[in-house]
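For reference, protein37.txt (compact mmCIF, C-alpha atoms):
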# COMPACT_ATOMS: atom_id res chain seq x y z
CA MET X 9 -164.19 39.13 -74.91
CA PRO X 10 -167.26 37.42 -73.39
CA MET X 11 -165.96 33.88 -74.02
CA ARG X 12 -162.67 34.56 -72.24
CA THR X 13 -164.60 36.07 -69.31
CA GLU X 14 -166.89 33.04 -69.03
CA VAL X 15 -163.96 30.59 -69.12
CA ALA X 16 -162.29 32.55 -66.30
CA TRP X 17 -165.55 32.45 -64.35
CA ARG X 18 -165.80 28.66 -64.65
CA ARG X 19 -162.21 28.26 -63.45
CA PHE X 20 -162.95 30.45 -60.46
CA ALA X 21 -166.12 28.44 -59.70
CA ASP X 22 -164.18 25.15 -59.84
CA TRP X 23 -161.64 26.56 -57.39
CA ALA X 24 -164.24 28.11 -55.09
CA LYS X 25 -166.54 25.11 -54.68
CA ARG X 26 -163.80 23.18 -52.88
CA ARG X 27 -163.42 25.83 -50.16
CA ALA X 28 -166.10 26.04 -47.46
CA TRP X 29 -165.32 29.62 -46.46
CA VAL X 30 -165.68 30.79 -50.06
CA LEU X 31 -169.01 28.99 -50.38
CA SER X 32 -170.29 30.65 -47.21
CA LEU X 33 -169.40 34.09 -48.54
CA ALA X 34 -170.80 33.24 -51.96
CA SER X 35 -174.13 32.31 -50.42
CA GLN X 36 -174.40 35.76 -48.89
CA PHE X 37 -173.37 37.52 -52.09
CA THR X 38 -176.19 35.80 -54.04
CA ARG X 39 -178.90 37.28 -51.81
CA GLY X 40 -178.84 40.88 -53.01
CA ARG X 41 -181.68 42.55 -54.90
CA GLY X 42 -179.45 44.20 -57.46
CA GLN X 43 -180.87 47.74 -57.25
CA PHE X 44 -177.47 49.41 -57.55
CA ARG X 45 -175.70 47.18 -60.08
CA VAL X 46 -175.44 49.94 -62.67
CA ILE X 47 -172.14 48.69 -64.11
CA ASP X 48 -173.89 45.52 -65.33
CA ARG X 49 -176.11 47.62 -67.58
CA LEU X 50 -173.34 49.61 -69.28
CA TRP X 51 -172.94 46.99 -72.04
CA LYS X 52 -175.60 46.94 -74.73
CA LEU X 53 -176.93 43.49 -75.53
CA PRO X 54 -178.27 42.23 -78.87
CA THR X 55 -182.05 42.24 -78.63
CA PRO X 56 -184.27 39.52 -80.16
CA SER X 57 -187.39 40.32 -82.13
CA ARG X 58 -190.13 41.74 -79.93
CA PRO X 59 -192.98 39.22 -79.44
CA LEU X 60 -196.31 40.01 -81.08
CA LEU X 61 -198.78 39.39 -78.26
CA SER X 62 -201.96 40.52 -79.98
CA GLY X 63 -204.71 38.12 -78.94
CA TRP X 64 -202.62 36.79 -76.06
CA ASP X 65 -205.31 37.18 -73.38
CA ASP X 66 -207.91 35.48 -75.58
CA SER X 67 -205.78 32.44 -76.39
CA SER X 68 -206.56 29.07 -74.86
CA LEU X 69 -202.90 28.01 -75.14
CA ALA X 70 -199.85 30.09 -76.06
CA ALA X 71 -196.14 30.25 -75.29
CA CYS X 72 -193.15 32.47 -75.98
CA TRP X 73 -189.50 31.83 -75.13
CA LEU X 74 -187.97 35.05 -73.78
CA GLY X 75 -184.46 33.64 -73.26
CA HIS X 76 -182.67 30.90 -71.29
CA ALA X 77 -185.38 29.24 -69.14
CA THR X 78 -187.68 32.26 -69.05
CA CYS X 79 -190.95 31.54 -70.84
CA LEU X 80 -194.24 33.39 -71.05
CA LEU X 81 -197.16 30.93 -71.06
CA ARG X 82 -200.90 31.30 -71.46
CA ILE X 83 -203.19 28.52 -70.24
CA ALA X 84 -206.50 28.30 -68.38
CA GLY X 85 -206.98 32.05 -68.61
CA LYS X 86 -203.72 32.70 -66.72
CA THR X 87 -200.39 34.14 -67.82
CA ILE X 88 -197.41 32.32 -66.31
CA LEU X 89 -193.76 33.39 -66.22
CA THR X 90 -191.16 30.65 -65.67
CA ASP X 91 -187.70 30.98 -64.07
CA PRO X 92 -187.49 34.73 -64.81
CA VAL X 93 -183.99 36.05 -65.48
CA PHE X 94 -183.87 39.56 -66.96
CA SER X 95 -180.51 40.66 -65.53
CA HIS X 96 -177.49 41.39 -67.73
CA ARG X 97 -175.37 39.15 -65.50
CA ILE X 98 -176.00 36.34 -63.03
CA GLY X 99 -173.73 35.53 -60.12
CA LEU X 100 -172.37 37.21 -57.01
CA GLY X 101 -173.46 40.76 -56.26
CA PHE X 102 -170.77 43.26 -55.27
CA GLY X 103 -172.57 46.58 -54.90
CA LEU X 104 -172.34 48.21 -58.32
CA PHE X 105 -171.71 45.05 -60.35
CA THR X 106 -172.27 41.30 -60.59
CA MET X 107 -169.42 38.84 -60.89
CA GLY X 108 -170.56 36.00 -63.10
CA PRO X 109 -171.67 35.09 -66.64
CA ARG X 110 -172.99 37.88 -68.85
CA ARG X 111 -175.89 37.40 -71.25
CA VAL X 112 -175.02 36.85 -74.87
CA MET X 113 -178.41 38.24 -75.91
CA GLY X 114 -181.01 40.27 -74.08
CA PRO X 115 -184.49 39.02 -73.18
CA ALA X 116 -187.16 39.28 -75.85
CA LEU X 117 -189.24 41.42 -73.45
CA GLN X 118 -188.21 43.64 -70.58
CA ILE X 119 -190.12 43.51 -67.30
CA ASP X 120 -191.93 46.77 -68.02
CA ASP X 121 -193.18 45.33 -71.32
CA LEU X 122 -194.69 42.14 -69.89
CA PRO X 123 -198.45 41.56 -69.90
CA GLU X 124 -200.18 41.13 -66.55
CA ILE X 125 -198.59 38.13 -64.81
CA ASP X 126 -200.74 35.78 -62.72
CA VAL X 127 -198.19 33.10 -61.74
CA ILE X 128 -194.38 33.09 -61.49
CA ALA X 129 -192.95 29.56 -61.31
CA ILE X 130 -189.44 28.76 -60.00
CA SER X 131 -188.11 25.28 -60.76
CA HIS X 132 -184.95 25.39 -58.62
CA ALA X 133 -182.50 27.74 -56.94
CA HIS X 134 -179.63 27.83 -59.44
CA LEU X 135 -178.52 31.37 -60.22
CA ASP X 136 -179.59 31.13 -63.85
CA HIS X 137 -183.14 30.17 -62.78
CA LEU X 138 -183.70 32.01 -59.49
CA ASP X 139 -182.43 35.55 -60.04
CA ARG X 140 -183.29 37.69 -57.04
CA PRO X 141 -182.76 41.05 -58.79
CA SER X 142 -185.24 40.07 -61.51
CA LEU X 143 -187.74 38.72 -58.99
CA HIS X 144 -187.49 41.86 -56.85
CA ARG X 145 -188.36 44.01 -59.87
CA LEU X 146 -191.21 41.66 -60.77
CA ALA X 147 -192.60 41.88 -57.23
CA ARG X 148 -192.74 45.66 -57.53
CA ARG X 149 -194.54 45.48 -60.88
CA PHE X 150 -196.80 42.49 -60.15
CA PRO X 151 -197.14 42.33 -56.34
CA ASP X 152 -200.33 40.24 -56.51
CA ALA X 153 -198.84 37.54 -58.75
CA LEU X 154 -198.68 34.09 -57.16
CA LEU X 155 -195.06 33.03 -56.69
CA VAL X 156 -194.75 29.23 -56.86
CA ALA X 157 -191.47 27.42 -56.15
CA ILE X 158 -190.22 23.91 -55.54
CA ASP X 159 -189.55 23.51 -51.80
CA GLY X 160 -186.31 24.62 -50.22
CA SER X 161 -186.06 28.16 -51.58
CA SER X 162 -188.16 30.17 -49.11
CA ASP X 163 -185.06 31.86 -47.66
CA LEU X 164 -184.37 33.30 -51.12
CA LEU X 165 -187.93 34.30 -51.99
CA ALA X 166 -189.97 35.23 -48.91
CA ASP X 167 -188.55 38.75 -48.54
CA LEU X 168 -189.00 39.91 -52.14
CA GLY X 169 -192.44 41.50 -51.73
CA PHE X 170 -194.89 39.06 -53.32
CA ALA X 171 -198.24 38.98 -51.54
CA ARG X 172 -198.71 35.27 -52.26
CA TYR X 173 -196.08 32.55 -52.11
CA GLU X 174 -196.49 28.76 -52.30
CA GLU X 175 -193.86 26.04 -51.94
CA LEU X 176 -194.64 22.77 -53.69
CA PHE X 177 -193.02 19.43 -52.88
CA VAL X 178 -191.58 16.99 -55.40
CA ASP X 179 -189.85 14.15 -53.59
CA PRO X 180 -190.60 10.49 -52.82
CA ARG X 181 -191.23 11.11 -49.13
CA ARG X 182 -193.84 13.85 -49.50
CA GLY X 183 -195.09 13.12 -52.98
CA GLU X 184 -195.85 15.47 -55.82
CA THR X 185 -197.94 18.52 -55.04
CA VAL X 186 -201.06 19.69 -56.86
CA LEU X 187 -202.15 23.32 -56.57
CA GLY X 188 -205.43 24.63 -57.97
CA LEU X 189 -205.90 28.23 -59.10
CA ASP X 190 -209.35 28.69 -60.65
CA ARG X 191 -209.21 26.64 -63.88
CA LEU X 192 -205.44 26.21 -63.66
CA GLU X 193 -203.94 23.11 -62.05
CA ILE X 194 -200.21 23.20 -61.21
CA ARG X 195 -198.58 19.84 -60.55
CA THR X 196 -194.94 19.18 -59.69
CA ILE X 197 -193.06 16.64 -61.80
CA PRO X 198 -189.67 14.99 -61.00
CA THR X 199 -186.51 15.81 -62.93
CA ARG X 200 -182.95 14.48 -62.84
CA HIS X 201 -180.95 17.49 -61.72
CA TRP X 202 -179.77 19.07 -58.46
CA GLY X 203 -180.74 22.12 -56.40
CA ALA X 204 -177.74 23.43 -54.43
CA ARG X 205 -177.18 27.12 -55.09
CA THR X 206 -173.54 27.29 -54.04
CA PHE X 207 -172.44 23.61 -54.05
CA ALA X 208 -172.82 23.58 -50.28
CA ASP X 209 -176.50 23.73 -49.32
CA THR X 210 -178.31 20.39 -49.45
CA ASN X 211 -181.80 21.46 -48.38
CA ARG X 212 -183.05 22.64 -51.77
CA SER X 213 -185.26 20.55 -54.02
CA TRP X 214 -185.85 20.85 -57.75
CA GLY X 215 -188.43 19.79 -60.28
CA ALA X 216 -190.63 20.55 -63.27
CA PHE X 217 -194.20 21.82 -63.54
CA LEU X 218 -197.22 20.44 -65.37
CA PHE X 219 -199.81 23.13 -66.09
CA THR X 220 -203.32 21.86 -66.94
CA ASP X 221 -206.52 23.64 -67.95
CA GLN X 222 -209.02 21.76 -65.80
CA SER X 223 -212.00 23.13 -67.71
CA THR X 224 -210.85 21.40 -70.90
CA ARG X 225 -210.43 18.17 -68.96
CA ALA X 226 -214.02 18.50 -67.78
CA ASN X 227 -215.10 18.88 -71.39
CA ASN X 228 -213.72 15.41 -72.20
CA ASN X 229 -210.73 16.83 -74.08
CA GLN X 230 -208.62 13.81 -73.11
CA ASN X 231 -206.65 15.06 -70.10
CA GLY X 232 -207.15 18.74 -70.87
CA LEU X 233 -204.77 21.23 -72.40
CA ARG X 234 -201.38 20.60 -70.79
CA ILE X 235 -197.97 22.27 -70.81
CA LEU X 236 -194.92 20.60 -69.31
CA PHE X 237 -192.24 23.05 -68.20
CA GLY X 238 -189.34 20.65 -67.84
CA SER X 239 -186.66 23.24 -67.02
CA ASP X 240 -183.30 21.50 -66.41
CA SER X 241 -183.06 17.71 -66.45
CA ALA X 242 -180.71 14.96 -67.49
CA MET X 243 -182.07 12.00 -69.43
CA HIS X 244 -184.59 9.99 -67.39
CA ASN X 245 -187.85 8.11 -67.88
CA GLY X 246 -189.92 9.87 -65.21
CA TRP X 247 -192.05 11.69 -67.77
CA ASP X 248 -193.05 8.53 -69.66
CA ILE X 249 -196.20 8.33 -67.56
CA LEU X 250 -197.43 11.51 -69.23
CA GLY X 251 -197.14 9.84 -72.61
CA ALA X 252 -199.13 6.87 -71.39
CA ASP X 253 -201.72 9.29 -69.99
CA GLY X 254 -202.51 11.10 -73.23
CA GLY X 255 -199.40 13.25 -73.67
CA VAL X 256 -198.99 17.00 -73.47
CA ASN X 257 -199.71 19.78 -75.93
CA LEU X 258 -196.34 21.42 -75.34
CA ALA X 259 -193.13 20.21 -73.67
CA ILE X 260 -190.60 22.90 -72.75
CA ILE X 261 -187.25 21.19 -72.20
CA GLY X 262 -183.66 22.37 -71.74
CA ILE X 263 -181.19 21.31 -74.45
CA GLY X 264 -177.94 23.04 -73.40
CA ALA X 265 -175.14 22.91 -70.77
CA TYR X 266 -174.54 19.17 -71.33
CA ASP X 267 -170.75 19.41 -71.75
CA PRO X 268 -169.52 18.50 -69.18
CA TRP X 269 -172.75 18.53 -67.14
CA ILE X 270 -174.44 15.54 -68.81
CA GLU X 271 -175.41 14.15 -65.38
CA GLY X 272 -177.68 17.15 -64.85
CA HIS X 273 -178.59 18.37 -68.35
CA ALA X 274 -179.87 16.45 -71.35
CA ASN X 275 -178.15 16.84 -74.69
CA PRO X 276 -180.43 17.75 -77.65
CA GLU X 277 -181.02 14.16 -78.74
CA GLN X 278 -181.90 13.10 -75.20
CA ALA X 279 -184.22 16.07 -74.74
CA LEU X 280 -185.99 15.11 -77.96
CA ALA X 281 -186.35 11.52 -76.78
CA MET X 282 -187.90 12.72 -73.50
CA ALA X 283 -190.31 14.97 -75.39
CA ARG X 284 -191.42 12.03 -77.51
CA ALA X 285 -191.72 9.78 -74.46
CA CYS X 286 -194.04 12.23 -72.69
CA GLY X 287 -196.25 12.36 -75.78
CA ALA X 288 -195.51 15.98 -76.64
CA ARG X 289 -197.22 17.25 -79.76
CA HIS X 290 -195.02 20.34 -79.72
CA MET X 291 -191.60 20.98 -78.17
CA MET X 292 -190.05 24.31 -77.19
CA PRO X 293 -186.27 24.05 -76.57
CA ILE X 294 -184.86 26.29 -73.86
CA HIS X 295 -181.66 26.72 -71.82
CA HIS X 296 -179.44 27.54 -74.80
CA SER X 297 -177.96 30.53 -76.67
CA THR X 298 -178.31 32.95 -73.73
CA PHE X 299 -175.42 32.37 -71.30
CA VAL X 300 -172.12 30.55 -71.81
CA LEU X 301 -172.36 28.03 -68.99
CA SER X 302 -170.60 25.01 -70.49
CA ARG X 303 -168.12 23.93 -73.15
CA GLU X 304 -170.29 23.19 -76.18
CA PRO X 305 -170.44 25.98 -78.80
CA LEU X 306 -173.30 28.38 -78.23
CA ASP X 307 -175.20 27.45 -81.40
CA GLU X 308 -174.58 23.69 -81.19
CA PRO X 309 -177.59 22.61 -79.06
CA LEU X 310 -180.23 24.05 -81.39
CA ASP X 311 -178.43 22.86 -84.53
CA ARG X 312 -178.22 19.31 -83.16
CA LEU X 313 -181.87 19.32 -82.11
CA ILE X 314 -183.09 20.44 -85.54
CA ARG X 315 -180.97 17.78 -87.28
CA ALA X 316 -182.19 15.07 -84.89
CA ASN X 317 -185.85 15.93 -85.43
CA GLU X 318 -186.03 15.30 -89.18
CA SER X 319 -189.46 13.71 -88.75
CA SER X 320 -190.81 16.93 -87.13
CA GLN X 321 -192.38 14.86 -84.38
CA PRO X 322 -192.89 16.64 -82.12
CA GLU X 323 -193.14 19.93 -83.98
CA LEU X 324 -190.48 22.38 -82.78
CA VAL X 325 -191.91 25.77 -81.85
CA GLY X 326 -190.47 28.97 -80.39
CA VAL X 327 -186.92 28.03 -81.30
CA ARG X 328 -185.94 31.71 -81.51
CA PRO X 329 -186.50 34.13 -78.63
CA GLY X 330 -189.54 36.29 -79.18
CA GLU X 331 -191.38 33.83 -81.42
CA VAL X 332 -194.93 33.33 -80.15
CA TRP X 333 -196.68 29.98 -80.51
CA PHE X 334 -200.46 29.82 -80.37
CA THR X 335 -202.31 26.51 -80.32
CA LYS X 336 -203.98 25.65 -83.60

Rewrite the structure from the file as structure tokens, please.
Amino acid sequence: MPMRTEVAWRRFADWAKRRAWVLSLASQFTRGRGQFRVIDRLWKLPTPSRPLLSGWDDSSLAACWLGHATCLLRIAGKTILTDPVFSHRIGLGFGLFTMGPRRVMGPALQIDDLPEIDVIAISHAHLDHLDRPSLHRLARRFPDALLVAIDGSSDLLADLGFARYEELFVDPRRGETVLGLDRLEIRTIPTRHWGARTFADTNRSWGAFLFTDQSTRANNNQNGLRILFGSDSAMHNGWDILGADGGVNLAIIGIGAYDPWIEGHANPEQALAMARACGARHMMPIHHSTFVLSREPLDEPLDRLIRANESSQPELVGVRPGEVWFTK
């Protein structure tokens, strides 16, 4: 059964992270491109409803949760894909199979079904956010897409085949980075999390992204249309400045994996509080119901969030994979 497998995987991970030689091997086994992992694909996964993307390219602001932290966004005339994970399993690659957590449900879209992608954004190097097999397939389909990552992951990304790659900084010493791409502004935002891929490397950073349509800012639309992709973060007040600065149209925030990882992941009530603090008019919850990565029941995060948000402020959108939200 999947649950028994995931519990065994967590026990192995707890044992392995205390042994340097295991971590060294694990680092190497997370660098494959996954071309031959046919055993992973033998199990059929439940598939969410297919997104209805009619009018997607003409929308000024749109979003769709595809599963876990993978979101399809439309802003400033660009289509953005966040933390893409399309693999059946994440973890260590051993030739024909992957040893690690298996998806509970498949992605709402497969890579071949995606619209043209302009930007792929990677928030940090954890295996459930930076999946090299998925990124290798995306590079073959969208070689001209701009790959943007928080600094410290170039050794995992530079060889995948993307024509354009940018590392952005988000730390007190170097400051937050702003990258312009036509009308689209990409700004790094701090989070409370961690970036080590195998519990051993300390050179990897992590963060969130603020996507802004600069043309709407120029038209005196407050601070422009803005989407915060918060990815993984524990409770913190670093996003309060966004609320004081006019808020965001959509905040995409993780609500799962808080038991026992509350120091790195917000629980649903905390995620809601952060969304309100950053002035979000809409909130899309992510990082739940896809992989069993922690101890809370799979359906608990979303249930708790819905109960906590009785006032519907912010409005919850895209709570099921495949649901498309268009700005009103």

Name the residues in contact with Ala316 (chain X) at a cut-off of 7 Å, using only C-alpha atoms, excluding same-chain residues fewer than 3 positions from it; report them as a VMD selection string.
chain X and resid 277 312 to 313

Would you compute the distance between CA of Ala84 (chain X) and CA of Asn245 (chain X)? Give it in Å to one decimal.
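A separation of 27.5 Å between them.
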
If we count all atoms listed in the file and set the cut-off at 7 Å, which residues sit around Pro293 (chain X), ignoring sequence neighbours fewer than 3 positions away in its own chain? Please answer as a PyMOL selection string.
chain X and resi 260-263+327

Neighbours of Ala166 (chain X) within 12 Å (only C-alpha atoms; same-chain residues fewer than 5 positions away dropped), as an NGL selection string?
:X and (39 or 140 or 143-144 or 147 or 155-157 or 160-161 or 171-175)

Write a file of the just-selected residues containing C-alpha atoms, as a PDB file, keeping the file's coordinate frame.
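Written output follows (part23.pdb):
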ATOM      1  CA  ARG X  39    -178.900  37.280 -51.810  1.00  0.00           C
ATOM      2  CA  ARG X 140    -183.290  37.690 -57.040  1.00  0.00           C
ATOM      3  CA  LEU X 143    -187.740  38.720 -58.990  1.00  0.00           C
ATOM      4  CA  HIS X 144    -187.490  41.860 -56.850  1.00  0.00           C
ATOM      5  CA  ALA X 147    -192.600  41.880 -57.230  1.00  0.00           C
ATOM      6  CA  LEU X 155    -195.060  33.030 -56.690  1.00  0.00           C
ATOM      7  CA  VAL X 156    -194.750  29.230 -56.860  1.00  0.00           C
ATOM      8  CA  ALA X 157    -191.470  27.420 -56.150  1.00  0.00           C
ATOM      9  CA  GLY X 160    -186.310  24.620 -50.220  1.00  0.00           C
ATOM     10  CA  SER X 161    -186.060  28.160 -51.580  1.00  0.00           C
ATOM     11  CA  ALA X 171    -198.240  38.980 -51.540  1.00  0.00           C
ATOM     12  CA  ARG X 172    -198.710  35.270 -52.260  1.00  0.00           C
ATOM     13  CA  TYR X 173    -196.080  32.550 -52.110  1.00  0.00           C
ATOM     14  CA  GLU X 174    -196.490  28.760 -52.300  1.00  0.00           C
ATOM     15  CA  GLU X 175    -193.860  26.040 -51.940  1.00  0.00           C
TER      16      GLU X 175
END

Near Ser57 (chain X), within 8 Å and counting only C-alpha atoms, which residues show up once chain neighbours fewer than 6 positions away are dropped, as a list in words?
Ala116, Pro329, Gly330 and Glu331 of chain X

Using the selection just defined, write its residues with C-alpha atoms as an mmCIF file, keeping the file's coordinate frame.
data_model
loop_
_atom_site.group_PDB
_atom_site.id
_atom_site.type_symbol
_atom_site.label_atom_id
_atom_site.label_comp_id
_atom_site.auth_asym_id
_atom_site.auth_seq_id
_atom_site.Cartn_x
_atom_site.Cartn_y
_atom_site.Cartn_z
ATOM 1 C CA ALA X 116 -187.160 39.280 -75.850
ATOM 2 C CA PRO X 329 -186.500 34.130 -78.630
ATOM 3 C CA GLY X 330 -189.540 36.290 -79.180
ATOM 4 C CA GLU X 331 -191.380 33.830 -81.420
#
